[in-house]
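Colleague: Pasting in a structure now, in C-alpha cells, and then I'll have a few things to ask.
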Amino acid sequence: MRSAYDLELEDLSELLPEEPAYRARQVFDGLHGGLRRVDEMTEIPAALRGRLAEILPAGLTVVSERSADDGGTVKWALELDDGALIETVLMHYERRSTVCVSTQAGCAMACSFCATGQAGFTRHLTTGEIVEQVVIAARAAAPRRVSNIVFMGMGEPLANWKNLAPALHRLNGPLGLGARRLTVSTVGHVPGIRNLTAEPLAVNLAVSLHSADDRRRDALIPLNRTYPLGVLAEVLADYVETTHRRLSFEWALIDGVNDTDRDLDELAAYARPLAAHVNLIPLNPTPGYLVRGSTPRRVAEFAAGLAQRQVTATVRMTRGQEIDAACGQLAGRTKVELRTKEETDVGP
Ligand code: SAH
C-alpha cells in the first residue's frame, strides 16, 4: 500500500473496525467522487480525520508544477513514497481535457528515441499510484472535468498489467470515466495485448509502431526482437476480431529514419489489413538521441501519402515541448542528473 488509492472499500472497512459501517464508504467516496484529501472531509469527525491521516499511506507528493501553452498544458513531477520520481501531464483542448499518466517509474523498454527509455527502469507503480495521478490532475483541472486518460506517460503499461487492470476499473467505476475515454499505449507487449483482448472493459489500444520493417524497428524498439512485426500482427488481428474495437498506431516521424516513401509503403501494407488508424507526431527532441523530427512539410506529405494508400491518419500537435512535457520527454529524476552532467560538460 503506497497510496490511499490502493485501498478498496473493503480494505477501508478493515482499517476502521470500530467505526459505523458507512464510514468506509464515506471515505472511499470522498477520495474518488469528491477528489478530496482526508483533511478536507469535514463530514467525518475531526478525531477520525486525524487518525486516518496517520494510518493511510501518504501517496504522491507534488515536487514541481510547470505549465506551458498559456496554461493549456501542465506537467507535474511527483515523488513516490520511496523517493522515485514520476511525471504526469494535463492537456486542455477545446472539447476535452486529457491526462497523460505514468504506469512505471522509469521504463525497461529502452527505446532509443525516448527520454524515459534512456533513463532505465526503477519500478512498477501500484494501482493507487496510477489512480492518484488522475486525482491530482482532476483537482487542478476544476472547474473543467478530466474527460480522457492516455497511458502514455513514463513506463510500459502492459508490462504492469497486474496493477493497470484494477486502475482501469477504478477510473471507469468510482471516478466515472467511460472506458472509451481510456487509451492504453504499448510498444507491442504481446502477452499484455492478449490480456487486453480478454479484458471486458472496452478501453482503446494504441500501438507505438514507428517502423514496419523488423530490422529498423529492432534498432528503435528493442522489444521488437522478442515480439517481431509478424507476431505482433497476429495478436493484433485477434484483438480486432475479438473486441471489434478500433486499433491505432503511433508513428513518431524521425527525419530520414522512418519518413521515407518506403516507410509509407511498409506502414500502409501493415495497417490496412488491421484497419488501423495512424497518429503521426513529429519526434520530440531528447538528450540521448541526436536525430531530428521530420519537417512540418514532410509530416504533411506523409499524412497525404497514407490517405492515398487508403489508410486514415491524424497529425497530432505537440504540446509542452518547452517544459519537457511532450511525448517521450518525461524522465523524472534522471533528467536532473542529465542536466547537471550537461551543465558540467559545457561549464567554465
Ligand atoms: N510505453 C508505451 C507508452 C509510453 S510512450 C508506448 O511505448 O507506447 C507514449 C508515446 O510516446 C509512444 O508512442 C512513444 O513511442 C512516443 N515517444 C517516445 N519518445 C518520443 C519522442 N522523443 N518523440 C515523440 N514521441 C515519442
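Chains: A, B, ... in order of the C-alpha cells. Residues: from 1 per chain. Ligands: from 1, in order shown.
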Could you give me, as a tab-separated table, a per-residue list for chain A showing, wherever an atom lies at most 9 Å from an atom of ligand 1, the closest pair of atoms and their distance in Å to one decimal, using only C-alpha atoms and all ligand atoms and sorting by chain then residue number from low to high?
Modeller:
residue	atom	partner	partner_atom_place_in_ligand_line	distance
A:Cys100	CA	ligand 1	9 (C)	8.9
A:Val101	CA	ligand 1	4 (C)	9.0
A:Ser102	CA	ligand 1	4 (C)	7.8
A:Thr103	CA	ligand 1	3 (C)	8.5
A:Cys107	CA	ligand 1	1 (N)	7.5
A:Met109	CA	ligand 1	1 (N)	7.3
A:Cys111	CA	ligand 1	18 (C)	7.5
A:Ser112	CA	ligand 1	19 (N)	8.2
A:Phe113	CA	ligand 1	22 (N)	5.0
A:Cys114	CA	ligand 1	19 (N)	3.6
A:Ala115	CA	ligand 1	19 (N)	6.5
A:Thr116	CA	ligand 1	19 (N)	7.7
A:Gly117	CA	ligand 1	19 (N)	8.1
A:Val150	CA	ligand 1	9 (C)	8.7
A:Phe151	CA	ligand 1	3 (C)	6.1
A:Met152	CA	ligand 1	9 (C)	3.9
A:Gly153	CA	ligand 1	4 (C)	5.1
A:Met154	CA	ligand 1	4 (C)	5.6
A:Gly155	CA	ligand 1	1 (N)	5.1
A:Glu156	CA	ligand 1	1 (N)	3.6
A:Pro157	CA	ligand 1	1 (N)	6.3
A:Leu158	CA	ligand 1	1 (N)	8.1
A:Ala159	CA	ligand 1	1 (N)	8.8
A:Val184	CA	ligand 1	3 (C)	7.6
A:Ser185	CA	ligand 1	8 (O)	4.1
A:Thr186	CA	ligand 1	8 (O)	3.6
A:Val187	CA	ligand 1	7 (O)	4.0
A:Gly188	CA	ligand 1	8 (O)	7.6
A:Ala206	CA	ligand 1	8 (O)	6.9
A:Val207	CA	ligand 1	8 (O)	5.8
A:Ser208	CA	ligand 1	13 (O)	4.3
A:Leu209	CA	ligand 1	15 (O)	7.4
A:His210	CA	ligand 1	15 (O)	7.1
A:Ile221	CA	ligand 1	15 (O)	8.7
A:Phe249	CA	ligand 1	13 (O)	8.0
A:Glu250	CA	ligand 1	13 (O)	5.0
A:Trp251	CA	ligand 1	13 (O)	6.8
A:Ala252	CA	ligand 1	24 (C)	5.0
A:Leu253	CA	ligand 1	24 (C)	7.7
A:Ile254	CA	ligand 1	23 (N)	8.5
A:Ile281	CA	ligand 1	24 (C)	6.3
A:Pro282	CA	ligand 1	24 (C)	6.2
A:Leu283	CA	ligand 1	23 (N)	3.6
A:Asn284	CA	ligand 1	23 (N)	3.7
A:Pro285	CA	ligand 1	22 (N)	5.5
A:Thr286	CA	ligand 1	22 (N)	5.7
A:Tyr289	CA	ligand 1	22 (N)	8.1
A:Gly293	CA	ligand 1	23 (N)	7.7
A:Thr318	CA	ligand 1	24 (C)	8.4
A:Ala326	CA	ligand 1	24 (C)	7.2
A:Cys327	CA	ligand 1	11 (O)	4.3
A:Gly328	CA	ligand 1	19 (N)	3.1
A:Gln329	CA	ligand 1	22 (N)	6.0
A:Leu330	CA	ligand 1	19 (N)	8.7
Colleague: Write the residues you've just listed into a file as a PDB file, in the first residue's frame, and include C-alpha atoms for each of them.
Modeller:
ATOM      1  CA  CYS A 100      -1.247  11.575 -19.606  1.00  0.00           C
ATOM      2  CA  VAL A 101      -0.460   9.088 -16.851  1.00  0.00           C
ATOM      3  CA  SER A 102       2.698   7.168 -15.929  1.00  0.00           C
ATOM      4  CA  THR A 103       2.499   3.451 -15.134  1.00  0.00           C
ATOM      5  CA  CYS A 107      10.902   2.135 -18.215  1.00  0.00           C
ATOM      6  CA  MET A 109      11.892  -0.935 -22.861  1.00  0.00           C
ATOM      7  CA  CYS A 111      13.554   2.723 -26.931  1.00  0.00           C
ATOM      8  CA  SER A 112      16.422   4.752 -28.335  1.00  0.00           C
ATOM      9  CA  PHE A 113      14.480   7.977 -29.027  1.00  0.00           C
ATOM     10  CA  CYS A 114      12.584   8.159 -25.711  1.00  0.00           C
ATOM     11  CA  ALA A 115      13.915  10.048 -22.669  1.00  0.00           C
ATOM     12  CA  THR A 116      12.206   7.650 -20.242  1.00  0.00           C
ATOM     13  CA  GLY A 117      13.794   4.679 -22.003  1.00  0.00           C
ATOM     14  CA  VAL A 150      -3.952   8.260 -22.025  1.00  0.00           C
ATOM     15  CA  PHE A 151      -1.448   5.791 -20.578  1.00  0.00           C
ATOM     16  CA  MET A 152       1.364   7.440 -22.480  1.00  0.00           C
ATOM     17  CA  GLY A 153       3.466   8.804 -19.635  1.00  0.00           C
ATOM     18  CA  MET A 154       6.509   7.050 -18.210  1.00  0.00           C
ATOM     19  CA  GLY A 155       6.655   3.274 -18.492  1.00  0.00           C
ATOM     20  CA  GLU A 156       5.211   0.389 -20.490  1.00  0.00           C
ATOM     21  CA  PRO A 157       1.615  -0.012 -19.218  1.00  0.00           C
ATOM     22  CA  LEU A 158       1.161  -3.595 -20.419  1.00  0.00           C
ATOM     23  CA  ALA A 159       4.308  -4.727 -18.591  1.00  0.00           C
ATOM     24  CA  VAL A 184      -3.598   2.201 -23.271  1.00  0.00           C
ATOM     25  CA  SER A 185      -0.434   2.696 -25.320  1.00  0.00           C
ATOM     26  CA  THR A 186       2.071  -0.103 -25.785  1.00  0.00           C
ATOM     27  CA  VAL A 187       5.343  -0.650 -27.520  1.00  0.00           C
ATOM     28  CA  GLY A 188       3.966  -4.024 -28.682  1.00  0.00           C
ATOM     29  CA  ALA A 206      -2.656   2.337 -29.301  1.00  0.00           C
ATOM     30  CA  VAL A 207       0.480   0.578 -30.521  1.00  0.00           C
ATOM     31  CA  SER A 208       3.725   2.531 -30.892  1.00  0.00           C
ATOM     32  CA  LEU A 209       4.843   1.167 -34.241  1.00  0.00           C
ATOM     33  CA  HIS A 210       7.362   3.732 -35.593  1.00  0.00           C
ATOM     34  CA  ILE A 221      12.432  -0.577 -30.118  1.00  0.00           C
ATOM     35  CA  PHE A 249      -0.751   3.093 -34.401  1.00  0.00           C
ATOM     36  CA  GLU A 250       1.542   5.816 -33.112  1.00  0.00           C
ATOM     37  CA  TRP A 251       4.274   6.881 -35.509  1.00  0.00           C
ATOM     38  CA  ALA A 252       6.809   9.485 -34.353  1.00  0.00           C
ATOM     39  CA  LEU A 253       8.241  10.860 -37.593  1.00  0.00           C
ATOM     40  CA  ILE A 254      12.037  10.923 -37.492  1.00  0.00           C
ATOM     41  CA  ILE A 281       3.631  13.157 -34.493  1.00  0.00           C
ATOM     42  CA  PRO A 282       6.992  14.716 -35.288  1.00  0.00           C
ATOM     43  CA  LEU A 283       9.694  13.306 -32.984  1.00  0.00           C
ATOM     44  CA  ASN A 284      10.347  15.471 -29.932  1.00  0.00           C
ATOM     45  CA  PRO A 285      13.969  16.133 -29.054  1.00  0.00           C
ATOM     46  CA  THR A 286      15.535  14.137 -26.189  1.00  0.00           C
ATOM     47  CA  TYR A 289      19.065  10.732 -29.389  1.00  0.00           C
ATOM     48  CA  GLY A 293      11.817  15.176 -36.048  1.00  0.00           C
ATOM     49  CA  THR A 318       2.906  18.513 -29.990  1.00  0.00           C
ATOM     50  CA  ALA A 326       5.867  16.322 -24.734  1.00  0.00           C
ATOM     51  CA  CYS A 327       5.755  12.649 -25.826  1.00  0.00           C
ATOM     52  CA  GLY A 328       8.902  10.805 -24.924  1.00  0.00           C
ATOM     53  CA  GLN A 329      10.353  13.663 -22.886  1.00  0.00           C
ATOM     54  CA  LEU A 330       9.259  12.526 -19.419  1.00  0.00           C
TER      55      LEU A 330
END
Colleague: I need the residues in segment 59-286 of chain A that are alpha helix (DSSP H) according to DSSP; give them as an NGL selection string.
Modeller: :A and (115-119 or 127-141 or 161-172 or 190-198 or 214-220 or 229-243 or 261-271)
Colleague: Sorted by chain and rising residue number, list the residues of segment 166-279 of chain A at most 12 Å from segment 118-141 of chain A (counting only C-alpha atoms), each with its closest atom pair and distance in Å to one decimal, as a Markdown table.
Modeller:
| residue | atom | partner | partner_atom | distance |
| --- | --- | --- | --- | --- |
| A:Pro166 | CA | A:Thr127 | CA | 6.4 |
| A:Ala167 | CA | A:Thr127 | CA | 5.1 |
| A:Leu168 | CA | A:Val131 | CA | 8.5 |
| A:His169 | CA | A:Val131 | CA | 10.0 |
| A:Arg170 | CA | A:Val131 | CA | 7.4 |
| A:Leu171 | CA | A:Val131 | CA | 6.9 |
| A:Asn172 | CA | A:Val131 | CA | 10.7 |
| A:Gly173 | CA | A:Val131 | CA | 11.8 |
| A:Pro174 | CA | A:Val131 | CA | 10.6 |
| A:Leu175 | CA | A:Val135 | CA | 8.7 |
| A:Gly176 | CA | A:Val134 | CA | 11.8 |
| A:Leu177 | CA | A:Val134 | CA | 10.7 |
| A:Leu182 | CA | A:Val134 | CA | 11.7 |
| A:Leu220 | CA | A:Gln118 | CA | 11.8 |
| A:Ile221 | CA | A:Gln118 | CA | 11.7 |
Colleague: Restricting it to N, CA, C and O atoms, dump the selection as a compact mmCIF listing (two decimals), in the first residue's frame.
Modeller:
# COMPACT_ATOMS: atom_id res chain seq x y z
N PRO A 166 -6.69 -3.21 -12.48
CA PRO A 166 -7.57 -2.63 -11.45
C PRO A 166 -7.66 -1.10 -11.55
O PRO A 166 -8.71 -0.53 -11.24
N ALA A 167 -6.59 -0.45 -12.01
CA ALA A 167 -6.64 1.02 -12.15
C ALA A 167 -7.66 1.42 -13.22
O ALA A 167 -8.42 2.37 -13.04
N LEU A 168 -7.71 0.66 -14.32
CA LEU A 168 -8.69 0.94 -15.38
C LEU A 168 -10.11 0.85 -14.81
O LEU A 168 -10.96 1.71 -15.05
N HIS A 169 -10.34 -0.19 -14.01
CA HIS A 169 -11.67 -0.37 -13.42
C HIS A 169 -12.01 0.74 -12.44
O HIS A 169 -13.15 1.20 -12.35
N ARG A 170 -11.01 1.18 -11.68
CA ARG A 170 -11.24 2.24 -10.68
C ARG A 170 -11.55 3.56 -11.39
O ARG A 170 -12.42 4.32 -10.97
N LEU A 171 -10.85 3.83 -12.48
CA LEU A 171 -11.09 5.08 -13.23
C LEU A 171 -12.47 5.04 -13.88
O LEU A 171 -13.18 6.03 -13.95
N ASN A 172 -12.83 3.86 -14.37
CA ASN A 172 -14.11 3.69 -15.05
C ASN A 172 -15.28 3.72 -14.07
O ASN A 172 -16.29 4.37 -14.32
N GLY A 173 -15.14 3.05 -12.93
CA GLY A 173 -16.24 2.98 -11.95
C GLY A 173 -16.25 4.21 -11.05
O GLY A 173 -16.86 5.23 -11.39
N PRO A 174 -15.56 4.15 -9.92
CA PRO A 174 -15.64 5.24 -8.93
C PRO A 174 -15.28 6.62 -9.48
O PRO A 174 -15.82 7.62 -9.05
N LEU A 175 -14.38 6.70 -10.47
CA LEU A 175 -14.02 8.03 -10.99
C LEU A 175 -14.85 8.43 -12.21
O LEU A 175 -14.73 9.54 -12.72
N GLY A 176 -15.67 7.51 -12.70
CA GLY A 176 -16.69 7.87 -13.68
C GLY A 176 -16.20 8.19 -15.09
O GLY A 176 -16.85 8.93 -15.81
N LEU A 177 -15.06 7.63 -15.50
CA LEU A 177 -14.59 7.88 -16.87
C LEU A 177 -15.00 6.72 -17.77
O LEU A 177 -14.73 5.55 -17.45
N LEU A 182 -10.50 5.90 -22.19
CA LEU A 182 -9.23 5.46 -21.63
C LEU A 182 -8.43 4.81 -22.76
O LEU A 182 -8.96 3.95 -23.47
N LEU A 220 15.05 0.74 -33.16
CA LEU A 220 14.33 1.78 -32.41
C LEU A 220 13.73 1.24 -31.12
O LEU A 220 13.72 1.91 -30.10
N ILE A 221 13.21 0.02 -31.22
CA ILE A 221 12.43 -0.58 -30.12
C ILE A 221 12.97 -1.98 -29.84
O ILE A 221 12.60 -2.94 -30.52
Colleague: What does the distance between atom CA of Leu9 of chain A and atom CA of Gly33 of chain A come to in Å, to one decimal place?
Modeller: 13.1 Å
Colleague: So that I can see what lies close to Glu43 of chain A, please list as a list in words the residues with an atom at most 10 Å from it, counting only C-alpha atoms and leaving out residues fewer than 4 positions away in the same chain.
Modeller: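 Near neighbours after the sequence-gap exclusion: Arg23, Gln26, Val27, Gly30 and Arg49 of chain A.
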Colleague: Write the residues of the selection above to a file with C-alpha atoms, as a PDB file, in the first residue's frame.
Modeller:
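Just written: part-v2.pdb:
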ATOM      1  CA  ARG A  23     -17.659   5.480   7.398  1.00  0.00           C
ATOM      2  CA  GLN A  26     -17.790   7.993   3.153  1.00  0.00           C
ATOM      3  CA  VAL A  27     -14.001   7.969   2.976  1.00  0.00           C
ATOM      4  CA  GLY A  30     -14.669  11.412  -0.616  1.00  0.00           C
ATOM      5  CA  ARG A  49      -9.685  12.532  10.210  1.00  0.00           C
TER       6      ARG A  49
END
Colleague: Enumerate, as JSON, numbers by chain, the complete set of residues in segment 54-160 of chain A that a backbone-based DSSP assignment places in strand (DSSP E).
Modeller: {"A": [61, 62, 63, 64, 65, 66, 67, 68, 73, 74, 75, 76, 77, 78, 79, 85, 86, 87, 88, 89, 90, 91, 92, 97, 98, 99, 100, 104, 105, 106, 121, 122, 123, 124, 148, 149, 150, 151]}
Colleague: Near Asp259 of chain A, within 9 Å and counting only C-alpha atoms, which residues show up once chain neighbours fewer than 6 positions away are dropped, as a PyMOL selection string?
Modeller: chain A and resi 253+294+298-299+302
Colleague: Provide the atom CA of Gln321 of chain A to atom CA of Arg217 of chain A distance in Å, to one decimal place.
Modeller: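 Separating atom CA of Gln321 of chain A from atom CA of Arg217 of chain A is a distance of 24.9 Å.
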Colleague: Using only C-alpha atoms, which of the listed residues (A:Arg194, A:His277, A:Arg225, A:Arg2) sits closest to Thr243 of chain A?
Modeller: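 Going through A:Arg194, A:His277, A:Arg225, A:Arg2 one by one, the smallest distance to Thr243 of chain A is for A:Arg194.
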Colleague: Expressed in Å to a single decimal, how great is the separation between atom CA of Ser13 of chain A and atom CA of Pro45 of chain A?
Modeller: 16.4 Å
